[in-house]
Amino acid sequence: MRLTDSMMRSNLLRNLTTNRDMYYNLQQEISSGDKVINVSEDPGLYKKISILEDTQSRASTYLDNISTARRDLNTYEDQLNNLSDSLSKLKNLALQANNSTYYSSSKETFKQEAEDTLNYLVQIANNKQGGKYMFAGSEVDQAPFTTTTTDGVITSVAYNGDNKGKVYDMDTNDKISINVSGEEIFSGPAGMDQDIFQAVIEMRQDMTDSNFDNADTHIAKLQTIMDRVTSKIGEIGNKSEHIDDMENFMDNFKMTVDSQHADLRYTDMTEAISTLMNVENTLSAGMAVAARLNNLSIMDYMK
Amino acid sequence: MNYMALGLASNTMSINRKALEIIGQNISNANVEGYTRQSAQISSYTYGYSITPADNGVIDVSARITDITRMRNQTIDNSLRKETSSQGSLDAKQTYLDEMAQLFTDNSSNSMSTSINSFFKSWNTAAQNPEDSSIRGMVISQGTYLSNAINTKMQNLDEMSSRVSSDIKSTVDEINSYINQLAQVNDDIVKSVSSSVETNLLLDKKDLIMDKLSALVGVQVDTDIKNSNNVFIGGIQIVAGKTAMPISVTEDASHNYHIMSTTGKEINVTDGKLAGLLEVKEEIIPQYQAKMDEWAQGIMTEVNNIHKYGYGQDGSTGLNFFSGTGAADMKVNITDADQVAMSVPTLTSPTNMNVDNTKLYTSFTLTSQAANFKTTPDASGTVVVNGSSVAWDNSQSLETILNNIKTATGISWSFDASSQKITLSSPPNSSTITISDTTGNFGVFTGLGSATLKTGSVGDGDNALKIYELSTKNIYGTPATETVSGRYQSISTDIGYDANINLGSQSAQTSYVASLQESKEGVSGVSIDEEMIKMLQFQRGYQAGAKLASVVDEMLQSLLQIT
């Protein structure tokens with residue numbers, strides 16, 4: 001085959017361009033740290049990376065939700081523990097009041113303590129967390145419990161909230177519902193006469209009247225209410241455990257996805273730099289050949 | 001004999017000088033685009049009989065240049081032009097496919113996936129803090145970012161389409177320029193042939209024009225006896241000898257482009273840069289615009305279908321979150337954070353329903369709990385919920401009946417064991433719950449039927465949560481197999497594959513064209529080495545001729561001295 005100068009030049013140029021392209025792409029890959037700069041380079045890999053990034057984003061959202069749900073549950077647990085402590089205190093008060101001799105000497109103290117506890121219970125019931133009333137269901141912008149007072153003393157407490165809880169997605173098919181309504185905790189089951197406020201008001205009234213006949217009833221009622229609160233704390237504990245399990249699962253899942261994503265998306269520097277050196281050598285060799293070819297001329301051998 | 005020998009020497013010198021001129025021409029044009037190396041065709045010829053008896057009448061033979069040939073191989077030329085046309089089409093497509101692929105490649109500064117995820121994530125955050133107007137405002141902001149990102153992609157495609165249009169027009173202009181040049185060269189060639197003037201350089205010019213024209217559009221050529229070309233595109237003549245018939249491009253009402261001949265016939269362009277550009281303009285870009293439209297419509301429809309049945313904090317309902325008809329004009333319809341429909345309307349049964357929790361889900365039957373649920377025990381009945389009739393009977397648990405209602409209407413339900421209340425949440429396609437036509441005196445439904453629909457609770461984010469959950473719902477395809485993110489990823493990777501496949505074809509075609517180019521160069525290109533060697537050859541020939549003349553001269557002088 002005849003070889004012309006033009007053929008050699010265009011061949012050389014084409015090969016140098018190919019090597020330059022590879023050099024440029026590798027340089028981009030190394031400087032950006034990304035394996036795929038343009039989806040057309042490897043659409044299959046790009047899709048895998050995109051799916052993993054989507055999964056990462058979702059896992060982050062779920063972990064955020066888990067964290068928020070745990071914070072909410074912890075807050076409810078704290079408040080219910082406070083409530084339980086107050087109910088214990090009330091029960092002790094009722095037990096002490098059952099002793100008429102002792103009670104007669106400290107009647108005002110007992111009454112005052114019952115009144116203070118009632119006020120504290122209302123305070124717990126109307127507690128705000130992050131600007132929201134905790135026990136109001138979905139009516140978070142208004143105090144769920146309103147009191148009616150006579151001569152500065154609470155005579156009744158009414159619930160104005162609802163029973164709607166909050167739902168958090170912890171995974172695509174795993175939701176956790178946090179539903180601790182004031183009605184459930186403080187008012188108790190409908191028609192069962194287990195309203196916390198009513199129980200304290202009645203106990204206070206009997207103390208005012210020095211009526212010890214109902215002491216056992218008060219103690220039993222407080223115990224029932226305490227059991228209800230304890231049961232709810234237990235329920236929250238169970239949910240917390242489930243949340244812990246989900247968090248562990250989601251953390252591990254995200255770690256796996258992060259690792260897969262890093263493997264696929266980011267440039268393997270060792271490999272890329274080694275390839276870059278190879279391409280550099282090829283490019284240098286190509287240029288050396290070009291220089292040599294250019295120096296070779298038949299004219300040098302003709303006189 | 002000596003005089004004849006002098007003539008022979010003179011002839012030898014002339015031939016070799018002419019051959020050296022041709023070599024000089026080849027060398028000086030070695031780098032000229034389109035130049036075809038020429039070669040002197042030297043052959044022997046008889047110019048007389050020997051006058052010496054000793055020669056016995058042997059014919060004296062000299063040499064002469066019979067032709068100065070352009071070294072071309074028409075078969076290679078034709079193949080090269082055909083393949084150059086194919087490459088022109090692939091090159092044109094690759095330019096725009098690369099650009100589109102880059103446009104649809106997410107990176108740290110431009111990521112549609114981030115916009116999608118941020119949008120849905122904002123609904124999740126809002127679902128947890130529905131009372132917070134700044135967080136509800138974030139939903140509007142993220143929706144706006146997403147729709148702006150989608151609008152921008154469509155604008156980019158539109159701008160690309162406009163650039164392709166300009167490219168088509170300038171390519172047609174370029175083609176017309178070559179058509180005119182070709183007609184002119186045809187005319188020049190015919191005139192030269194008629195005047196017996198050397199036409200090699202004109203033929204080079206014609207071939208170069210044909211090479212360039214082939215890269216722009218696939219042509220068919222018919223060469224007549226005088227080396228004048230008739231050129232056709234898709235069977236329509238565009239050059240007839242010295243007559244140029246320029247083509248034109250027209251755009252119809254549907255923005256489709258038509259390539260027209262001077263006679264008003266539509267030309268079917270199948271190859272060359274013009275064909276590639278037309279494919280990008282009329283098929284590739286519209287295909288992805290349609291995909292983007294379908295994708296954006298999917299987002300708008302699904303989000304709106306949930307949003308419009310929810311309630312805003314200001315009591316608004318029935319509002320679409322997005323407005324627009326497609327990706328180009330999609331935008332957020334809601335401007336007031338109070339109108340973001342965060343909550344789902346609910347219907348809660350009055351207190352004292354006294355549903356036995358343990359029996360609700362297991363062994364509860366209407367008969368055993370008749371006192372609590374019925375004013376008059378019946379064996380069966382029908383309840384009409386949001387227009388759907390659901391039959392019940394006393395062998396079913398309440399759970400079963402409520403689930404049947406859910407299946408029929410999409411209304412979900414929950415039961416609060418402590419307060420003994422059943423709550424129904426509105427279905428995805430309605431902002432209300434109506435319970436009517438209860439027959440059978442089922443107390444649960446009588447109670448629910450008389451309850452007031454609760455709407456727009458400040459702390460209710462259930463509707464927002466439904467919209468967040470769209471992010472994992474398959475909404476594209478029949479049956480639906482792709483999520484919002486998934487469909488966008490498919491659009492991106494489809495473009496990637498299109499560009500990748502075209503690049504593969506382009507690379508293969510480039511190699512093939514390069515090999516044909518080499519074959520052509522092998523025939524037509526100038527090799528300096530070769531020319532230098534030939535130069536030596538003809539130089540020696542010239543020197544030999546001169547030497548012959550000198551020797552003959554010496555012989556003549558010797559002869560003259562004798563006499």
# chains A, B, ... in the order shown; residues from 1 in each chain; ligands from 1
call {"tool": "closest_atom_pairs", "arguments": {"of": "chain A", "to": "chain B", "cutoff": "8 Å", "atoms": "only C-alpha atoms", "output": "CSV"}}
result
residue,atom,partner,partner_atom,distance
A:Met1,CA,B:Gly522,CA,6.5
A:Arg2,CA,B:Gly522,CA,4.9
A:Leu3,CA,B:Gly522,CA,5.9
A:Thr4,CA,B:Ser527,CA,4.2
A:Asp5,CA,B:Ser527,CA,5.6
A:Ser6,CA,B:Gly525,CA,7.1
A:Met7,CA,B:Glu518,CA,6.1
A:Ile37,CA,B:Thr105,CA,7.6
A:Asn38,CA,B:Gln102,CA,5.3
A:Val39,CA,B:Gly496,CA,4.9
A:Ser40,CA,B:Gly496,CA,3.8
A:Glu41,CA,B:Asn500,CA,6.6
A:Asp42,CA,B:Gly496,CA,7.4
A:Pro43,CA,B:Thr493,CA,5.1
A:Gly44,CA,B:Thr493,CA,7.2
A:Tyr46,CA,B:Thr493,CA,7.2
A:Lys47,CA,B:Gln489,CA,6.3
A:Ser50,CA,B:Gln489,CA,6.8
A:Ile51,CA,B:Gly486,CA,7.4
A:Asp54,CA,B:Ser485,CA,7.3
A:Ser57,CA,B:Asn117,CA,6.9
A:Arg58,CA,B:Asn117,CA,7.9
A:Thr61,CA,B:Lys121,CA,6.9
A:Gly137,CA,B:Gly459,CA,7.5
A:Ser138,CA,B:Gly459,CA,4.1
A:Glu139,CA,B:Gly459,CA,5.6
A:Val140,CA,B:Gly459,CA,5.4
A:Asp141,CA,B:Val458,CA,6.9
A:Asn163,CA,B:Asp416,CA,7.7
A:Lys164,CA,B:Asp460,CA,7.5
A:Lys166,CA,B:Gln128,CA,7.2
A:Val167,CA,B:Asp462,CA,7.6
A:Tyr168,CA,B:Gln128,CA,7.7
A:Thr172,CA,B:Thr472,CA,7.0
A:Glu183,CA,B:Ser419,CA,7.1
A:Glu184,CA,B:Ser418,CA,5.5
A:Gly188,CA,B:Ser418,CA,6.6
A:Pro189,CA,B:Ser418,CA,4.9
A:Ala190,CA,B:Ser419,CA,5.7
A:Gly191,CA,B:Asn352,CA,6.7
A:Ser297,CA,B:Asp529,CA,7.9
A:Ile298,CA,B:Asp529,CA,6.2
A:Met299,CA,B:Met532,CA,7.9
call {"tool": "write_last_selection", "arguments": {"atoms": "C-alpha atoms", "output": "mmCIF file, in the first residue's frame"}}
result
data_model
loop_
_atom_site.group_PDB
_atom_site.id
_atom_site.type_symbol
_atom_site.label_atom_id
_atom_site.label_comp_id
_atom_site.auth_asym_id
_atom_site.auth_seq_id
_atom_site.Cartn_x
_atom_site.Cartn_y
_atom_site.Cartn_z
ATOM 1 C CA MET A 1 0.000 0.000 0.000
ATOM 2 C CA ARG A 2 1.237 3.440 -0.861
ATOM 3 C CA LEU A 3 1.852 5.535 2.201
ATOM 4 C CA THR A 4 1.644 9.257 1.788
ATOM 5 C CA ASP A 5 2.727 12.031 4.103
ATOM 6 C CA SER A 6 -0.853 13.070 4.525
ATOM 7 C CA MET A 7 -1.851 9.557 5.602
ATOM 8 C CA ILE A 37 -19.299 12.797 34.244
ATOM 9 C CA ASN A 38 -21.892 12.349 31.527
ATOM 10 C CA VAL A 39 -24.691 9.762 31.622
ATOM 11 C CA SER A 40 -23.759 8.685 28.088
ATOM 12 C CA GLU A 41 -20.410 7.338 29.338
ATOM 13 C CA ASP A 42 -22.099 4.484 31.195
ATOM 14 C CA PRO A 43 -25.897 4.769 31.395
ATOM 15 C CA GLY A 44 -26.241 1.496 33.293
ATOM 16 C CA TYR A 46 -25.389 6.017 36.124
ATOM 17 C CA LYS A 47 -28.805 4.477 36.761
ATOM 18 C CA SER A 50 -29.079 7.339 40.802
ATOM 19 C CA ILE A 51 -31.126 4.560 42.382
ATOM 20 C CA ASP A 54 -32.523 7.979 45.814
ATOM 21 C CA SER A 57 -32.102 10.188 50.458
ATOM 22 C CA ARG A 58 -35.077 8.078 51.536
ATOM 23 C CA THR A 61 -35.561 10.868 55.714
ATOM 24 C CA GLY A 137 -54.243 15.542 69.534
ATOM 25 C CA SER A 138 -54.197 17.551 66.313
ATOM 26 C CA GLU A 139 -55.497 20.742 67.944
ATOM 27 C CA VAL A 140 -51.976 21.664 68.925
ATOM 28 C CA ASP A 141 -52.472 25.404 68.908
ATOM 29 C CA ASN A 163 -57.595 11.894 69.518
ATOM 30 C CA LYS A 164 -55.580 12.304 66.384
ATOM 31 C CA LYS A 166 -49.016 11.675 64.458
ATOM 32 C CA VAL A 167 -47.729 9.129 61.990
ATOM 33 C CA TYR A 168 -44.090 8.767 61.037
ATOM 34 C CA THR A 172 -41.667 2.328 52.955
ATOM 35 C CA GLU A 183 -58.455 12.440 76.544
ATOM 36 C CA GLU A 184 -56.874 9.008 76.633
ATOM 37 C CA GLY A 188 -59.771 7.886 80.559
ATOM 38 C CA PRO A 189 -62.159 5.548 78.816
ATOM 39 C CA ALA A 190 -65.515 7.043 78.189
ATOM 40 C CA GLY A 191 -68.093 6.278 80.837
ATOM 41 C CA SER A 297 13.450 13.203 5.276
ATOM 42 C CA ILE A 298 14.727 11.707 2.096
ATOM 43 C CA MET A 299 16.166 15.119 1.323
#
call {"tool": "residues_around", "arguments": {"residues": "Ala40 of chain B", "least_positions_apart": "4", "cutoff": "9 Å", "atoms": "only C-alpha atoms", "output": "list in words"}}
result
Lys18, Ala19, Ile22, Ile23, Ile65, Thr66, Asp67, Ile68 and Thr69 of chain B
call {"tool": "closest_residue", "arguments": {"among": "A:Thr224, A:Ser274, A:Gln56, A:Asn173", "to": "Asn252 of chain A", "atoms": "only C-alpha atoms"}}
result
A:Gln56
call {"tool": "select_by_dssp", "arguments": {"residues": "segment 212-316 of chain B", "states": "helix (DSSP H, G or I)", "output": "PyMOL selection string"}}
result
chain B and resi 212-216+272-307
call {"tool": "residues_around", "arguments": {"residues": "segment 268-273 of chain A", "least_positions_apart": "6", "cutoff": "8 Å", "atoms": "only C-alpha atoms", "output": "list in words"}}
result
Leu26, Glu29 and Ile30 of chain A
call {"tool": "residues_around", "arguments": {"residues": "segment 106-116 of chain A", "least_positions_apart": "4", "cutoff": "8 Å", "atoms": "only C-alpha atoms", "output": "JSON, numbers by chain"}}
result
{"A": [90, 93, 97, 102, 120, 153, 200, 203, 204, 207, 208]}
call {"tool": "write_last_selection", "arguments": {"atoms": "C-alpha atoms", "output": "CSV table (one decimal), in the first residue's frame"}}
result
chain,number,residue,atom,x,y,z
A,90,LEU,CA,-51.8,11.8,95.5
A,93,LEU,CA,-51.9,11.7,100.3
A,97,ALA,CA,-55.6,11.3,104.9
A,102,TYR,CA,-53.2,12.7,111.6
A,120,TYR,CA,-49.6,20.7,88.5
A,153,VAL,CA,-60.4,26.7,93.1
A,200,VAL,CA,-58.5,14.7,92.4
A,203,MET,CA,-60.7,13.7,96.8
A,204,ARG,CA,-60.1,17.3,97.6
A,207,MET,CA,-60.8,16.3,102.4
A,208,THR,CA,-62.5,19.6,102.7
call {"tool": "residues_around", "arguments": {"residues": "Ile467 of chain B", "least_positions_apart": "5", "cutoff": "8 Å", "atoms": "only C-alpha atoms", "output": "PyMOL selection string"}}
result
chain B and resi 120+123+303+306-307
call {"tool": "write_last_selection", "arguments": {"atoms": "N, CA and C atoms", "output": "PDB file, in the first residue's frame"}}
result
ATOM      1  N   PHE B 120     -40.294  16.187  48.014  1.00  0.00           N
ATOM      2  CA  PHE B 120     -41.073  15.217  48.795  1.00  0.00           C
ATOM      3  C   PHE B 120     -40.689  15.267  50.275  1.00  0.00           C
ATOM      4  N   TRP B 123     -42.588  17.730  52.247  1.00  0.00           N
ATOM      5  CA  TRP B 123     -43.931  17.296  52.659  1.00  0.00           C
ATOM      6  C   TRP B 123     -43.852  16.445  53.929  1.00  0.00           C
ATOM      7  N   VAL B 303     -49.968  14.621  42.746  1.00  0.00           N
ATOM      8  CA  VAL B 303     -49.915  15.555  43.886  1.00  0.00           C
ATOM      9  C   VAL B 303     -51.251  16.293  44.002  1.00  0.00           C
ATOM     10  N   ILE B 306     -54.191  14.366  45.524  1.00  0.00           N
ATOM     11  CA  ILE B 306     -54.205  14.273  46.988  1.00  0.00           C
ATOM     12  C   ILE B 306     -54.480  15.645  47.582  1.00  0.00           C
ATOM     13  N   HIS B 307     -53.782  16.633  47.018  1.00  0.00           N
ATOM     14  CA  HIS B 307     -53.869  17.970  47.615  1.00  0.00           C
ATOM     15  C   HIS B 307     -55.294  18.511  47.602  1.00  0.00           C
TER      16      HIS B 307
END
call {"tool": "select_by_dssp", "arguments": {"residues": "segment 77-302 of chain A", "states": "strand (DSSP E)", "output": "PyMOL selection string"}}
result
chain A and resi 128-129+132-133+145-150+153-159+166-171+174-178
call {"tool": "residues_around", "arguments": {"residues": "segment 264-276 of chain B", "least_positions_apart": "5", "cutoff": "6 Å", "atoms": "only C-alpha atoms", "output": "PDB file with C-alpha atoms, in the first residue's frame"}}
result
ATOM      1  CA  SER B  85     -22.729  10.913   4.424  1.00  0.00           C
ATOM      2  CA  SER B  86     -23.511   8.340   7.075  1.00  0.00           C
ATOM      3  CA  GLY B  88     -22.194  13.294   8.783  1.00  0.00           C
ATOM      4  CA  SER B  89     -25.549  12.121  10.098  1.00  0.00           C
ATOM      5  CA  ALA B  92     -24.629  15.776  13.830  1.00  0.00           C
ATOM      6  CA  LYS B  93     -26.690  13.566  16.147  1.00  0.00           C
ATOM      7  CA  ALA B 215     -20.832  15.066   4.286  1.00  0.00           C
ATOM      8  CA  LEU B 216     -23.829  17.424   4.402  1.00  0.00           C
ATOM      9  CA  VAL B 217     -26.360  15.352   2.504  1.00  0.00           C
ATOM     10  CA  GLY B 218     -26.495  11.951   0.873  1.00  0.00           C
ATOM     11  CA  GLY B 234     -33.566  11.262  -2.737  1.00  0.00           C
ATOM     12  CA  ILE B 259     -36.741  20.117   2.501  1.00  0.00           C
TER      13      ILE B 259
END
call {"tool": "closest_residue", "arguments": {"among": "A:Tyr76, A:Thr55, A:Leu283, A:Thr217", "to": "Ser181 of chain A", "atoms": "only C-alpha atoms"}}
result
A:Tyr76
call {"tool": "residues_around", "arguments": {"residues": "Asn25 of chain A", "least_positions_apart": "5", "cutoff": "10 Å", "atoms": "only C-alpha atoms", "output": "VMD selection string"}}
result
chain A and resid 19 to 20 30 to 31 35 to 37 276
call {"tool": "atom_distance", "arguments": {"atom1": "atom CA of Ala158 of chain A", "atom2": "atom CA of Tyr133 of chain A"}}
result
15.1 Å
call {"tool": "atom_distance", "arguments": {"atom1": "atom CA of Gln289 of chain B", "atom2": "atom CA of Glu482 of chain B"}}
result
18.5 Å
call {"tool": "atom_distance", "arguments": {"atom1": "atom CA of Ile27 of chain B", "atom2": "atom CA of Thr510 of chain B"}}
result
28.4 Å
call {"tool": "decode", "arguments": {"residues": "segment 46-131 of chain A", "atoms": "C-alpha atoms", "output": "PDB file, in the first residue's frame"}}
result
ATOM      1  CA  TYR A  46     -25.389   6.017  36.124  1.00  0.00           C
ATOM      2  CA  LYS A  47     -28.805   4.477  36.761  1.00  0.00           C
ATOM      3  CA  LYS A  48     -27.435   2.283  39.532  1.00  0.00           C
ATOM      4  CA  ILE A  49     -25.837   5.341  41.147  1.00  0.00           C
ATOM      5  CA  SER A  50     -29.079   7.339  40.802  1.00  0.00           C
ATOM      6  CA  ILE A  51     -31.126   4.560  42.382  1.00  0.00           C
ATOM      7  CA  LEU A  52     -28.663   4.322  45.264  1.00  0.00           C
ATOM      8  CA  GLU A  53     -28.750   8.104  45.757  1.00  0.00           C
ATOM      9  CA  ASP A  54     -32.523   7.979  45.814  1.00  0.00           C
ATOM     10  CA  THR A  55     -32.366   5.201  48.388  1.00  0.00           C
ATOM     11  CA  GLN A  56     -29.838   7.169  50.432  1.00  0.00           C
ATOM     12  CA  SER A  57     -32.102  10.188  50.458  1.00  0.00           C
ATOM     13  CA  ARG A  58     -35.077   8.078  51.536  1.00  0.00           C
ATOM     14  CA  ALA A  59     -33.071   6.333  54.233  1.00  0.00           C
ATOM     15  CA  SER A  60     -31.952   9.729  55.564  1.00  0.00           C
ATOM     16  CA  THR A  61     -35.561  10.868  55.714  1.00  0.00           C
ATOM     17  CA  TYR A  62     -36.565   7.702  57.544  1.00  0.00           C
ATOM     18  CA  LEU A  63     -33.683   8.122  59.995  1.00  0.00           C
ATOM     19  CA  ASP A  64     -34.761  11.732  60.589  1.00  0.00           C
ATOM     20  CA  ASN A  65     -38.307  10.508  61.180  1.00  0.00           C
ATOM     21  CA  ILE A  66     -37.087   7.830  63.561  1.00  0.00           C
ATOM     22  CA  SER A  67     -35.096  10.403  65.465  1.00  0.00           C
ATOM     23  CA  THR A  68     -38.075  12.782  65.685  1.00  0.00           C
ATOM     24  CA  ALA A  69     -40.411   9.973  66.713  1.00  0.00           C
ATOM     25  CA  ARG A  70     -37.998   8.927  69.452  1.00  0.00           C
ATOM     26  CA  ARG A  71     -37.734  12.526  70.687  1.00  0.00           C
ATOM     27  CA  ASP A  72     -41.533  12.761  70.783  1.00  0.00           C
ATOM     28  CA  LEU A  73     -41.835   9.444  72.597  1.00  0.00           C
ATOM     29  CA  ASN A  74     -39.157  10.436  75.113  1.00  0.00           C
ATOM     30  CA  THR A  75     -40.981  13.669  75.817  1.00  0.00           C
ATOM     31  CA  TYR A  76     -44.266  11.834  76.326  1.00  0.00           C
ATOM     32  CA  GLU A  77     -42.519   9.295  78.507  1.00  0.00           C
ATOM     33  CA  ASP A  78     -41.015  12.050  80.660  1.00  0.00           C
ATOM     34  CA  GLN A  79     -44.352  13.757  81.036  1.00  0.00           C
ATOM     35  CA  LEU A  80     -46.148  10.508  81.820  1.00  0.00           C
ATOM     36  CA  ASN A  81     -43.495   9.682  84.423  1.00  0.00           C
ATOM     37  CA  ASN A  82     -44.078  13.094  85.975  1.00  0.00           C
ATOM     38  CA  LEU A  83     -47.787  12.346  85.891  1.00  0.00           C
ATOM     39  CA  SER A  84     -47.230   8.950  87.452  1.00  0.00           C
ATOM     40  CA  ASP A  85     -45.119  10.515  90.223  1.00  0.00           C
ATOM     41  CA  SER A  86     -47.845  13.026  90.938  1.00  0.00           C
ATOM     42  CA  LEU A  87     -50.462  10.286  91.038  1.00  0.00           C
ATOM     43  CA  SER A  88     -48.266   8.335  93.453  1.00  0.00           C
ATOM     44  CA  LYS A  89     -48.012  11.395  95.596  1.00  0.00           C
ATOM     45  CA  LEU A  90     -51.784  11.793  95.519  1.00  0.00           C
ATOM     46  CA  LYS A  91     -52.250   8.175  96.439  1.00  0.00           C
ATOM     47  CA  ASN A  92     -49.910   8.605  99.407  1.00  0.00           C
ATOM     48  CA  LEU A  93     -51.851  11.697 100.347  1.00  0.00           C
ATOM     49  CA  ALA A  94     -55.055   9.685 100.264  1.00  0.00           C
ATOM     50  CA  LEU A  95     -53.491   6.952 102.374  1.00  0.00           C
ATOM     51  CA  GLN A  96     -52.302   9.497 104.915  1.00  0.00           C
ATOM     52  CA  ALA A  97     -55.643  11.262 104.902  1.00  0.00           C
ATOM     53  CA  ASN A  98     -57.236   7.959 105.767  1.00  0.00           C
ATOM     54  CA  ASN A  99     -55.727   8.399 109.190  1.00  0.00           C
ATOM     55  CA  SER A 100     -58.268  10.840 110.703  1.00  0.00           C
ATOM     56  CA  THR A 101     -56.158  11.836 113.697  1.00  0.00           C
ATOM     57  CA  TYR A 102     -53.189  12.723 111.628  1.00  0.00           C
ATOM     58  CA  TYR A 103     -55.396  14.316 109.012  1.00  0.00           C
ATOM     59  CA  SER A 104     -57.240  16.577 111.449  1.00  0.00           C
ATOM     60  CA  SER A 105     -54.003  18.173 112.588  1.00  0.00           C
ATOM     61  CA  SER A 106     -52.854  18.863 108.968  1.00  0.00           C
ATOM     62  CA  LYS A 107     -56.130  19.273 107.137  1.00  0.00           C
ATOM     63  CA  GLU A 108     -55.202  22.562 105.430  1.00  0.00           C
ATOM     64  CA  THR A 109     -51.839  21.197 104.347  1.00  0.00           C
ATOM     65  CA  PHE A 110     -53.539  18.161 102.797  1.00  0.00           C
ATOM     66  CA  LYS A 111     -56.098  20.282 101.012  1.00  0.00           C
ATOM     67  CA  GLN A 112     -53.427  22.626  99.750  1.00  0.00           C
ATOM     68  CA  GLU A 113     -51.300  19.751  98.566  1.00  0.00           C
ATOM     69  CA  ALA A 114     -54.238  18.235  96.708  1.00  0.00           C
ATOM     70  CA  GLU A 115     -54.969  21.604  95.127  1.00  0.00           C
ATOM     71  CA  ASP A 116     -51.316  22.142  94.175  1.00  0.00           C
ATOM     72  CA  THR A 117     -51.139  18.691  92.643  1.00  0.00           C
ATOM     73  CA  LEU A 118     -54.311  19.358  90.694  1.00  0.00           C
ATOM     74  CA  ASN A 119     -52.818  22.573  89.333  1.00  0.00           C
ATOM     75  CA  TYR A 120     -49.623  20.708  88.485  1.00  0.00           C
ATOM     76  CA  LEU A 121     -51.614  18.019  86.688  1.00  0.00           C
ATOM     77  CA  VAL A 122     -53.386  20.668  84.623  1.00  0.00           C
ATOM     78  CA  GLN A 123     -49.980  22.147  83.901  1.00  0.00           C
ATOM     79  CA  ILE A 124     -48.716  18.765  82.690  1.00  0.00           C
ATOM     80  CA  ALA A 125     -51.868  18.247  80.631  1.00  0.00           C
ATOM     81  CA  ASN A 126     -51.392  21.631  78.978  1.00  0.00           C
ATOM     82  CA  ASN A 127     -47.668  21.240  78.542  1.00  0.00           C
ATOM     83  CA  LYS A 128     -46.168  22.604  75.339  1.00  0.00           C
ATOM     84  CA  GLN A 129     -43.309  21.077  73.470  1.00  0.00           C
ATOM     85  CA  GLY A 130     -41.752  22.991  70.627  1.00  0.00           C
ATOM     86  CA  GLY A 131     -44.645  25.440  70.779  1.00  0.00           C
TER      87      GLY A 131
END
